[in-house]
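Engineer: The structure file run.cif (mmCIF, C-alpha atoms) is provided below.
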```cif
data_start
#
loop_
_atom_site.label_atom_id
_atom_site.label_comp_id
_atom_site.auth_asym_id
_atom_site.auth_seq_id
_atom_site.Cartn_x
_atom_site.Cartn_y
_atom_site.Cartn_z
CA MET K 23 65.44 -5.46 -5.76
CA VAL K 24 62.52 -6.90 -3.86
CA ALA K 25 60.64 -4.44 -1.66
CA LYS K 26 60.36 -5.36 1.98
CA ASP K 27 56.97 -5.83 3.57
CA THR K 28 55.92 -2.99 5.83
CA PRO K 29 53.15 -2.71 8.42
CA HIS K 30 51.29 -0.46 5.97
CA ASP K 31 50.97 -3.36 3.54
CA ASP K 32 48.98 -5.35 6.10
CA ARG K 33 46.46 -2.56 6.47
CA ARG K 34 45.48 -2.35 2.82
CA ARG K 35 41.76 -2.17 2.21
CA LYS K 36 40.17 -5.37 1.04
CA THR K 37 38.70 -5.26 -2.42
CA HIS K 38 34.93 -5.75 -2.76
CA ARG K 39 33.08 -7.08 -5.76
CA LYS K 40 30.83 -4.39 -7.20
CA SER K 41 27.20 -5.32 -7.68
CA ARG K 42 26.86 -4.67 -11.41
CA LEU K 43 23.73 -6.79 -11.76
CA GLY K 44 21.86 -5.30 -8.81
CA CYS K 45 18.39 -3.80 -9.00
CA ARG K 46 17.78 -0.13 -9.79
CA ASN K 47 16.33 0.56 -6.34
CA CYS K 48 19.57 -0.40 -4.60
CA LYS K 49 21.57 1.74 -7.02
CA LEU K 50 19.32 4.71 -6.33
CA ARG K 51 19.63 4.16 -2.57
CA ARG K 52 23.41 3.60 -2.91
CA VAL K 53 23.34 0.32 -1.04
CA LYS K 54 24.92 -2.97 -2.09
CA CYS K 55 22.33 -5.22 -3.72
CA ASP K 56 22.53 -8.91 -2.75
CA GLU K 57 21.12 -9.78 -6.22
CA THR K 58 18.62 -12.31 -4.82
CA LYS K 59 16.02 -13.17 -7.46
CA PRO K 60 13.22 -12.35 -8.00
CA HIS K 61 13.30 -9.92 -5.02
CA CYS K 62 16.50 -8.79 -3.36
CA GLU K 63 16.59 -8.74 0.45
CA LYS K 64 17.35 -5.01 0.57
CA CYS K 65 14.11 -4.16 -1.27
CA VAL K 66 12.07 -6.63 0.79
CA SER K 67 13.29 -5.12 4.07
CA PHE K 68 12.79 -1.55 2.82
CA GLY K 69 9.22 -2.29 1.69
CA VAL K 70 9.54 -1.61 -2.04
CA THR K 71 9.03 -3.75 -5.14
CA CYS K 72 12.35 -4.99 -6.50
CA ASN K 73 13.02 -3.86 -10.08
CA TYR K 74 15.63 -5.88 -11.94
CA ASN K 75 13.58 -5.33 -15.07
CA GLY K 76 11.34 -2.52 -16.27
CA ALA K 77 8.09 -3.96 -14.89
CA ALA K 78 8.28 -2.13 -11.56
CA LYS K 79 8.89 1.58 -11.11
CA ASP K 80 11.72 2.98 -9.00
CA LEU K 81 11.08 2.73 -5.23
CA GLU K 82 7.51 1.56 -5.77
CA LEU K 83 5.66 0.60 -2.60
CA SER K 84 5.27 -3.13 -2.07
CA LEU K 85 1.68 -3.83 -1.03
CA GLY K 86 2.45 -7.27 0.37
CA ARG K 87 0.16 -10.27 -0.06
CA VAL K 88 -3.16 -10.98 1.58
CA GLU K 89 -2.48 -14.70 1.71
CA ASN K 90 0.49 -14.13 4.02
CA ILE K 91 -1.73 -12.76 6.77
CA LYS K 92 -2.12 -15.31 9.57
CA SER K 93 -5.18 -15.70 11.76
CA TRP K 94 -5.11 -13.73 14.97
CA SER K 95 -4.24 -15.48 18.21
CA GLU K 96 -3.25 -14.53 21.76
CA SER K 97 0.44 -15.00 20.97
CA THR K 98 2.47 -11.82 21.25
CA TRP K 99 4.87 -10.28 18.80
CA ASN K 100 7.34 -7.42 19.02
CA ILE K 101 8.71 -4.93 16.53
CA SER K 102 12.37 -4.46 17.31
CA ASP K 103 12.92 -1.73 14.71
CA ILE K 104 13.22 1.75 16.15
CA VAL K 105 11.53 4.27 13.87
CA PRO K 106 14.35 5.51 11.61
CA ARG K 107 15.39 9.14 11.75
CA ALA K 108 13.97 11.26 8.93
CA ILE K 109 16.21 12.45 6.12
CA ASP K 110 18.38 15.50 7.00
CA PRO K 111 17.14 15.88 10.59
CA VAL K 112 17.19 19.35 12.12
CA GLY K 113 17.14 19.25 15.90
CA CYS K 114 15.81 16.38 17.97
CA LEU K 115 12.68 16.12 20.11
CA LEU K 116 11.25 13.33 22.23
CA TRP K 117 7.69 12.13 21.57
CA THR K 118 5.68 11.28 24.67
CA THR K 119 2.20 9.98 25.35
CA PRO K 120 -0.51 12.28 26.80
CA ASN K 121 0.65 11.15 30.28
CA ASN K 122 4.22 12.20 29.48
CA VAL K 123 5.38 8.59 29.43
CA PHE K 124 8.42 8.31 27.18
CA ALA K 125 7.58 6.13 24.21
CA GLY K 126 11.14 5.31 23.19
CA CYS K 127 11.18 7.10 19.82
CA LEU K 128 13.29 10.03 18.70
CA TYR K 129 11.91 12.66 16.31
CA ASP K 130 13.51 15.53 14.47
CA LYS K 131 11.84 18.91 14.15
CA GLU K 132 10.30 18.25 10.73
CA THR K 133 8.77 14.94 11.85
CA THR K 134 7.29 16.46 14.99
CA GLU K 135 5.80 19.39 13.08
CA ARG K 136 4.25 16.96 10.61
CA LEU K 137 2.66 15.05 13.49
CA HIS K 138 1.17 18.30 14.75
CA ARG K 139 -0.30 19.05 11.30
CA PHE K 140 -1.85 15.59 11.20
CA TYR K 141 -3.67 16.04 14.51
CA THR K 142 -4.78 19.62 13.86
CA ARG K 143 -5.49 19.55 10.10
CA THR K 144 -5.10 16.34 8.10
CA VAL K 145 -7.12 14.05 10.36
CA ILE K 146 -10.00 16.55 10.14
CA SER K 147 -10.03 16.15 6.36
CA ILE K 148 -10.30 12.37 6.13
CA GLY K 149 -13.60 11.46 7.72
CA THR K 150 -16.90 12.46 9.24
CA ASN K 151 -17.15 14.32 12.55
CA SER K 152 -17.37 11.08 14.54
CA THR K 153 -14.71 9.10 12.68
CA ARG K 154 -12.12 11.87 12.66
CA ASN K 155 -12.50 12.38 16.42
CA ILE K 156 -11.94 8.65 16.90
CA PHE K 157 -8.89 8.71 14.63
CA GLN K 158 -7.45 11.60 16.63
CA GLU K 159 -7.85 9.67 19.87
CA VAL K 160 -6.59 6.35 18.48
CA THR K 161 -3.53 7.72 16.74
CA LEU K 162 -2.57 9.97 19.65
CA ALA K 163 -2.77 7.04 22.06
CA LEU K 164 -1.27 4.28 19.89
CA ALA K 165 1.13 5.86 17.40
CA PRO K 166 4.03 6.37 19.85
CA THR K 167 4.26 2.63 20.51
CA HIS K 168 3.41 1.34 17.02
CA PRO K 169 6.00 2.37 14.40
CA TYR K 170 3.91 1.36 11.38
CA LEU K 171 1.15 3.75 12.50
CA LEU K 172 3.68 6.53 13.08
CA HIS K 173 5.08 6.11 9.59
CA ILE K 174 1.72 6.10 7.81
CA ILE K 175 0.69 9.26 9.70
CA GLN K 176 3.84 10.90 8.39
CA SER K 177 3.15 9.76 4.83
CA VAL K 178 -0.53 10.81 4.82
CA THR K 179 0.35 14.25 6.17
CA ALA K 180 3.15 14.68 3.62
CA ALA K 181 0.70 13.75 0.86
CA HIS K 182 -1.83 16.27 2.19
CA ASP K 183 0.91 18.93 2.29
CA ARG K 184 1.71 18.23 -1.35
CA VAL K 185 -1.93 18.48 -2.43
CA LEU K 186 -2.46 21.74 -0.55
CA PHE K 187 0.75 23.61 -1.30
CA SER K 188 2.19 22.25 -4.57
CA LYS K 189 1.20 22.33 -8.21
CA GLN K 190 -1.35 19.75 -9.35
CA ASN K 191 1.09 17.29 -10.95
CA THR K 192 3.89 17.55 -8.39
CA PRO K 193 5.48 14.11 -7.81
CA ARG K 194 5.52 12.49 -4.40
CA THR K 195 8.15 13.82 -2.01
CA THR K 196 11.02 11.78 -0.62
CA SER K 197 9.48 11.89 2.86
CA GLU K 198 6.13 10.70 1.54
CA ILE K 199 7.66 7.70 -0.25
CA TYR K 200 10.05 6.84 2.57
CA HIS K 201 7.44 6.78 5.33
CA LEU K 202 4.95 4.94 3.13
CA SER K 203 7.49 2.22 2.39
CA ARG K 204 8.43 1.86 6.03
CA ALA K 205 4.78 1.70 7.12
CA ALA K 206 4.01 -1.03 4.60
CA SER K 207 7.13 -3.01 5.46
CA LEU K 208 6.54 -2.90 9.22
CA LEU K 209 2.84 -3.69 8.87
CA ASN K 210 3.58 -6.65 6.60
CA ALA K 211 6.04 -7.92 9.21
CA ALA K 212 3.42 -7.56 11.95
CA LEU K 213 0.73 -9.33 9.95
CA SER K 214 3.00 -12.26 9.14
CA LYS K 215 3.02 -13.24 12.82
CA PRO K 216 0.31 -14.03 15.39
CA LEU K 217 -1.07 -10.74 16.68
CA CYS K 218 -1.13 -9.48 20.23
CA TYR K 219 -4.64 -8.53 21.34
CA PRO K 220 -3.89 -4.84 22.23
CA ASP K 221 -2.32 -4.13 18.82
CA ARG K 222 -5.42 -4.70 16.72
CA ASP K 223 -6.67 -1.09 16.77
CA ALA K 224 -3.28 0.26 15.68
CA ILE K 225 -3.14 -2.28 12.85
CA TRP K 226 -6.63 -1.39 11.64
CA ALA K 227 -5.87 2.37 11.76
CA THR K 228 -2.69 1.79 9.75
CA ALA K 229 -4.48 -0.33 7.14
CA ALA K 230 -7.20 2.30 6.77
CA LEU K 231 -4.65 5.07 6.20
CA LEU K 232 -2.63 2.89 3.79
CA GLY K 233 -5.79 2.42 1.73
CA LEU K 234 -6.29 6.18 1.65
CA VAL K 235 -2.74 6.82 0.45
CA ALA K 236 -2.92 4.07 -2.17
CA PHE K 237 -5.95 5.66 -3.79
CA SER K 238 -4.80 9.27 -3.46
CA TRP K 239 -1.66 8.90 -5.56
CA VAL K 240 -1.79 8.46 -9.32
CA GLU K 241 1.29 8.76 -11.49
CA ALA K 242 -0.45 9.94 -14.66
CA THR K 243 -0.96 13.62 -15.43
CA ASP K 244 -3.21 13.22 -18.47
CA PRO K 245 -6.17 10.92 -19.33
CA GLU K 246 -4.17 9.38 -22.19
CA GLU K 247 -1.56 8.22 -19.64
CA SER K 248 -4.22 6.85 -17.29
CA TRP K 249 -5.90 3.49 -16.94
CA PRO K 250 -7.70 2.13 -18.97
CA LEU K 251 -6.41 4.10 -22.00
CA ARG K 252 -2.74 3.35 -21.43
CA PRO K 253 -1.29 -0.10 -22.27
CA SER K 254 -1.97 -2.68 -19.56
CA ARG K 255 0.57 -2.91 -16.74
CA GLN K 256 1.14 -5.21 -13.81
CA ASP K 257 0.31 -2.45 -11.33
CA ASP K 258 -3.05 -1.55 -12.90
CA LEU K 259 -5.70 -0.99 -10.21
CA ASP K 260 -3.31 -1.59 -7.32
CA TRP K 261 -5.69 0.44 -5.19
CA ILE K 262 -8.26 -2.35 -5.55
CA THR K 263 -5.69 -4.84 -4.26
CA MET K 264 -5.07 -2.54 -1.31
CA SER K 265 -8.84 -2.38 -0.66
CA GLU K 266 -8.96 -6.19 -0.61
CA GLN K 267 -6.12 -6.31 1.89
CA LYS K 268 -7.80 -3.64 3.99
CA ALA K 269 -10.97 -5.77 4.09
CA THR K 270 -8.89 -8.74 5.26
CA VAL K 271 -7.34 -6.65 8.04
CA TYR K 272 -10.84 -5.48 9.02
CA ARG K 273 -11.94 -9.08 9.55
CA LEU K 274 -8.70 -9.87 11.37
CA THR K 275 -8.84 -6.95 13.81
CA ASP K 276 -12.65 -6.49 14.11
CA PRO K 277 -12.89 -2.77 15.04
CA THR K 278 -16.56 -3.33 15.98
CA ARG K 279 -15.68 -5.40 19.06
CA THR K 280 -16.75 -3.91 22.40
CA ASP K 281 -13.22 -3.26 23.68
CA SER K 282 -12.07 -1.52 20.49
CA MET K 283 -11.31 2.19 20.50
CA PHE K 284 -13.36 2.29 17.29
CA HIS K 285 -16.42 0.78 18.97
CA ASP K 286 -18.27 4.13 19.17
CA VAL K 287 -18.46 4.20 15.36
CA SER K 288 -19.01 0.48 14.95
CA GLY K 289 -22.63 1.04 13.93
CA GLY K 290 -21.41 2.83 10.82
CA TYR K 291 -18.95 0.03 10.05
CA LYS K 292 -21.68 -2.59 10.33
CA VAL K 293 -24.01 -0.66 8.01
CA LEU K 294 -21.23 -0.28 5.43
CA HIS K 295 -20.54 -4.02 5.46
CA GLN K 296 -24.16 -5.10 5.11
CA PRO K 297 -25.18 -6.75 1.82
CA PRO K 298 -27.57 -4.76 -0.39
CA LYS K 299 -31.30 -5.15 0.17
CA PRO K 300 -32.88 -7.65 -2.24
CA GLY K 301 -34.97 -6.47 -5.17
CA ILE K 302 -34.55 -4.01 -8.01
CA ARG K 303 -37.33 -1.50 -7.36
CA ASP K 304 -34.82 1.26 -6.60
CA VAL K 305 -32.80 0.59 -9.77
CA PRO K 306 -33.49 2.76 -12.86
CA VAL K 307 -35.18 0.90 -15.71
CA LYS K 308 -32.32 1.51 -18.15
CA TRP K 309 -29.88 0.02 -15.66
CA VAL K 310 -32.10 -3.00 -15.13
CA GLU K 311 -32.07 -3.65 -18.87
CA LEU K 312 -28.36 -3.02 -19.44
CA PHE K 313 -27.20 -5.17 -16.52
CA GLU K 314 -29.84 -7.86 -17.10
CA LEU K 315 -31.33 -7.65 -13.63
CA HIS K 316 -34.55 -9.24 -12.38
CA GLU K 317 -36.25 -9.73 -9.01
CA GLY K 318 -34.21 -12.85 -8.37
CA SER K 319 -30.85 -11.17 -9.05
CA ASN K 320 -28.26 -11.15 -6.27
CA GLU K 321 -24.51 -11.00 -5.71
CA LYS K 322 -24.05 -14.68 -6.50
CA ASN K 323 -25.83 -14.84 -9.87
CA ASN K 324 -25.01 -11.36 -11.24
CA PRO K 325 -21.50 -9.83 -10.86
CA TYR K 326 -22.84 -6.30 -11.43
CA TYR K 327 -25.59 -6.52 -8.81
CA ARG K 328 -23.83 -5.10 -5.74
CA ALA K 329 -22.28 -2.16 -7.62
CA VAL K 330 -25.58 -1.33 -9.33
CA LYS K 331 -27.49 -1.42 -6.05
CA LEU K 332 -24.98 0.82 -4.26
CA LEU K 333 -24.83 3.39 -7.04
CA SER K 334 -28.62 3.40 -7.35
CA SER K 335 -28.92 4.30 -3.67
CA LEU K 336 -26.51 7.22 -4.16
CA ARG K 337 -27.98 8.69 -7.35
CA ASP K 338 -29.38 11.77 -5.61
CA VAL K 339 -26.67 12.10 -2.95
CA GLU K 340 -23.87 14.62 -3.36
CA CYS K 341 -20.56 13.33 -2.01
CA GLY K 342 -18.72 15.51 0.50
CA GLN K 343 -16.59 15.25 3.60
CA GLY K 344 -19.58 14.71 5.86
CA ASN K 345 -20.89 11.64 4.02
CA VAL K 346 -17.93 10.32 2.01
CA ILE K 347 -18.01 7.13 4.07
CA ARG K 348 -21.27 6.16 2.30
CA PHE K 349 -19.43 6.04 -1.04
CA LEU K 350 -16.46 3.94 0.09
CA PRO K 351 -18.16 0.49 0.12
CA PHE K 352 -18.08 0.57 -3.69
CA VAL K 353 -14.30 0.13 -3.60
CA GLY K 354 -14.20 -1.67 -0.27
CA HIS K 355 -16.39 -4.59 -1.36
CA ILE K 356 -15.41 -5.35 -4.95
CA GLN K 357 -16.17 -9.01 -5.57
CA VAL K 358 -13.72 -11.29 -7.35
CA GLU K 359 -15.98 -11.66 -10.42
CA PHE K 360 -16.56 -7.91 -10.71
CA LYS K 361 -12.85 -7.17 -10.30
CA ALA K 362 -12.08 -9.63 -13.12
CA LEU K 363 -14.54 -7.79 -15.37
CA ILE K 364 -12.88 -4.45 -14.55
CA MET K 365 -9.43 -5.87 -15.31
CA GLU K 366 -10.74 -7.24 -18.62
CA LYS K 367 -12.14 -3.77 -19.40
CA ASP K 368 -15.67 -5.10 -19.71
CA PRO K 369 -17.73 -2.09 -20.91
CA ARG K 370 -20.55 -2.51 -18.40
CA ALA K 371 -18.13 -2.82 -15.48
CA LEU K 372 -16.25 0.24 -16.74
CA LEU K 373 -19.50 2.19 -16.95
CA LEU K 374 -20.24 1.44 -13.28
CA ILE K 375 -16.79 2.47 -12.08
CA THR K 376 -17.05 5.63 -14.18
CA PHE K 377 -20.32 6.52 -12.44
CA TRP K 378 -18.62 6.07 -9.06
CA TYR K 379 -15.67 8.21 -10.15
CA ALA K 380 -18.11 10.91 -11.23
CA LYS K 381 -19.82 10.87 -7.83
CA VAL K 382 -16.58 11.33 -5.86
CA CYS K 383 -14.33 13.37 -8.19
CA ASN K 384 -15.29 16.69 -6.54
CA SER K 385 -15.44 15.53 -2.93
CA VAL K 386 -12.31 15.14 -0.75
CA TRP K 387 -8.62 15.55 -1.49
CA PHE K 388 -7.63 11.89 -1.32
CA LEU K 389 -10.28 10.82 -3.87
CA GLU K 390 -10.40 13.73 -6.29
CA ARG K 391 -7.26 13.41 -8.42
CA ARG K 392 -7.48 9.74 -9.36
CA ALA K 393 -11.25 9.88 -9.71
CA MET K 394 -11.13 12.85 -12.09
CA LEU K 395 -8.29 11.51 -14.26
CA GLU K 396 -9.61 7.95 -14.53
CA CYS K 397 -13.19 9.13 -14.99
CA ARG K 398 -12.11 11.07 -18.08
CA ALA K 399 -9.89 8.23 -19.29
CA THR K 400 -12.65 5.63 -18.89
CA CYS K 401 -15.22 7.82 -20.64
CA LEU K 402 -12.83 8.29 -23.57
CA TYR K 403 -12.10 4.56 -23.66
CA LEU K 404 -15.79 3.68 -23.85
CA GLU K 405 -16.36 6.31 -26.53
CA ARG K 406 -13.53 4.99 -28.70
CA TYR K 407 -13.98 1.27 -28.37
CA HIS K 408 -17.71 0.86 -27.65
CA LYS K 409 -19.28 3.73 -29.56
CA GLN K 410 -21.81 1.39 -31.20
CA ASP K 411 -23.25 0.37 -27.83
CA TRP K 412 -26.00 2.98 -27.64
CA ALA K 413 -27.20 2.00 -24.17
CA ILE K 414 -23.75 2.59 -22.71
CA GLN K 415 -23.24 5.81 -24.66
CA GLU K 416 -26.53 7.21 -23.40
CA LEU K 417 -25.72 6.47 -19.76
CA LEU K 418 -22.19 7.79 -20.23
CA GLU K 419 -23.51 11.35 -20.61
CA PHE K 420 -23.69 11.87 -16.84
CA PRO K 421 -20.05 11.06 -15.98
CA LYS K 422 -18.87 12.96 -19.08
CA LEU K 423 -20.69 16.04 -17.86
CA ILE K 424 -19.33 15.79 -14.31
CA CYS K 425 -15.70 15.28 -15.32
CA GLY K 426 -15.78 18.13 -17.84
CA LEU K 427 -15.71 16.26 -21.15
CA THR K 428 -19.04 17.80 -22.19
CA LYS K 429 -20.88 20.98 -21.26
#
```
Could you express the structure from this file as structure tokens?
Structural biologist:
Amino acid sequence: MVAKDTPHDDRRRKTHRKSRLGCRNCKLRRVKCDETKPHCEKCVSFGVTCNYNGAAKDLELSLGRVENIKSWSESTWNISDIVPRAIDPVGCLLWTTPNNVFAGCLYDKETTERLHRFYTRTVISIGTNSTRNIFQEVTLALAPTHPYLLHIIQSVTAAHDRVLFSKQNTPRTTSEIYHLSRAASLLNAALSKPLCYPDRDAIWATAALLGLVAFSWVEATDPEESWPLRPSRQDDLDWITMSEQKATVYRLTDPTRTDSMFHDVSGGYKVLHQPPKPGIRDVPVKWVELFELHEGSNEKNNPYYRAVKLLSSLRDVECGQGNVIRFLPFVGHIQVEFKALIMEKDPRALLLITFWYAKVCNSVWFLERRAMLECRATCLYLERYHKQDWAIQELLEFPKLICGLTK
């Protein structure tokens, strides 16, 4: 007997093909992967590196590409995305500007409390007296209308919370990763279009905080797991890539311009971006010999020159919160040739970066962890693989002492 059709038969659920070949990120997020190669659309829109294979880690931040950044023009652009609600929201508050003008964003209790901690605690820890006051003013004025800035503030504060209140090797929190990914994704979208004039300060503030977060997090918990001791990986020295992108955004947004909210500290920016003074009189003799310097040396004919000159000027300076900005040009102005030497693990380039690590490894929270771990790892690498180079071994005594490998 043949069963009769019933109305229920017409309402059967349609079958869907399961994505068995999707990336790990989509499986972790429990979303359907579109299986686009080499990067699925879900990962691109979420701001993480797609991981069909084992090369990329789970939910790893995508740093974007410098070459995608277009030159600034007067054309306007809009971000249609409303800042997503945080995970497991408790309560709901409205964020307003200082003039009580509704900014169009909804915040849960946890998000709002994190914003308060940023303005009253975290922002005080990331710069000098003048720069942190500027960051307070800029972020308070611009964050409500610029989602990428809002997200990076959330991520930086969550990272600071973890450093202050968790054990040393505690992994990044879900909130930290989520807001970091959203900030990067939204900023990449903004930079791929012509920029509206009033948005440049918010973009520069976001890029600066992204650079801070990129350096502050390191996955390793032991020198043996750290660069350069570990086997080479595609993501080695990603923080240098972020510094390069930050420098590109600096040129694009020009925070030294007269109408910028950062103009009051523009003198410091200009000093930090000046080339080193010519000559080698301030360079120690042993450094002159090791790096083959002479009176005619400069950035064009010697890839070590800029790093040597900067470190020489900081030999007798102790790094701390009040002057940390003086130490940042070392990572903010790494030339292509010098970066290549670092990636190749050239011993002289490694010695220079180890000296910089030693100078900043006991300074501020967002520099300390990576600097200490990779200072130890680099010292051990040079000891193991270049122990016959007596000039390097002699100069290595200072960073070894600072990072605790010798007493």
Engineer: Using only C-alpha atoms, determine which residues lie at most 10 Å from range 296-313 of chain K, disregarding the query and same-chain residues fewer than 3 positions distant; provide the list as a PyMOL selection string.
Structural biologist: chain K and resi 291-293+316-321+324-335+337+351+355+370-371+413-414+416-417
Engineer: Give as an MDAnalysis selection string each residue that has an atom at most 12 Å from (-16.7, 6.6, -18.8) in the file, counting all atoms listed in the file.
Structural biologist: chainID K and resid 245 249:251 367:380 393:409 414:428
Engineer: To one decimal in Å, tell me the separation between CA of Leu164 in chain K and CA of Ala236 in chain K.
Structural biologist: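 Between CA of Leu164 in chain K and CA of Ala236 in chain K the gap is 22.1 Å.
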Engineer: Expand the PyMOL selection byres ((chain K and resi 145-150) around 9) into the explicit residue set it covers here, and present it as a ChimeraX atom specification.
Structural biologist: /K:139-144,151-155,157-158,179,234,343-347,386-388
Engineer: Out of K:His201, K:Arg392, K:Arg42, K:Arg51, which residue has the shortest atom-to-atom distance to Glu241 in chain K when counting only C-alpha atoms?
Structural biologist: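 Under the stated criterion, the closest residue is K:Arg392.
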Engineer: Let me know the centre plus edge lengths, in Å and rounded to one decimal, of a box with edges along x, y and z that contains all listed atoms of range 405-415 of chain K and is padded by 3 Å on every side, as lines of an AutoDock Vina configuration file.
Structural biologist:
```
center_x = -20.4
center_y = 3.3
center_z = -27.0
size_x = 19.7
size_y = 11.9
size_z = 14.5
```
Engineer: Counting only C-alpha atoms, figure out which residue out of K:Trp239, K:His285, K:Asp223, K:Thr195 gets nearest to Val271 in chain K.
Structural biologist: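 Nearest candidate to Val271 in chain K out of K:Trp239, K:His285, K:Asp223, K:Thr195: K:Asp223.
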Engineer: Counting all atoms listed in the file, which residues of range 171-262 of chain K fall within 12 Å of range 61-65 of chain K, and what is the closest atom pair for each with its distance in Å at one decimal, ordered by chain and rising number, as CSV?
Structural biologist:
```
residue,atom,partner,partner_atom,distance
K:Ser203,CA,K:Cys65,CA,9.9
K:Arg204,CA,K:Cys65,CA,11.0
K:Ser207,CA,K:Cys65,CA,9.8
```
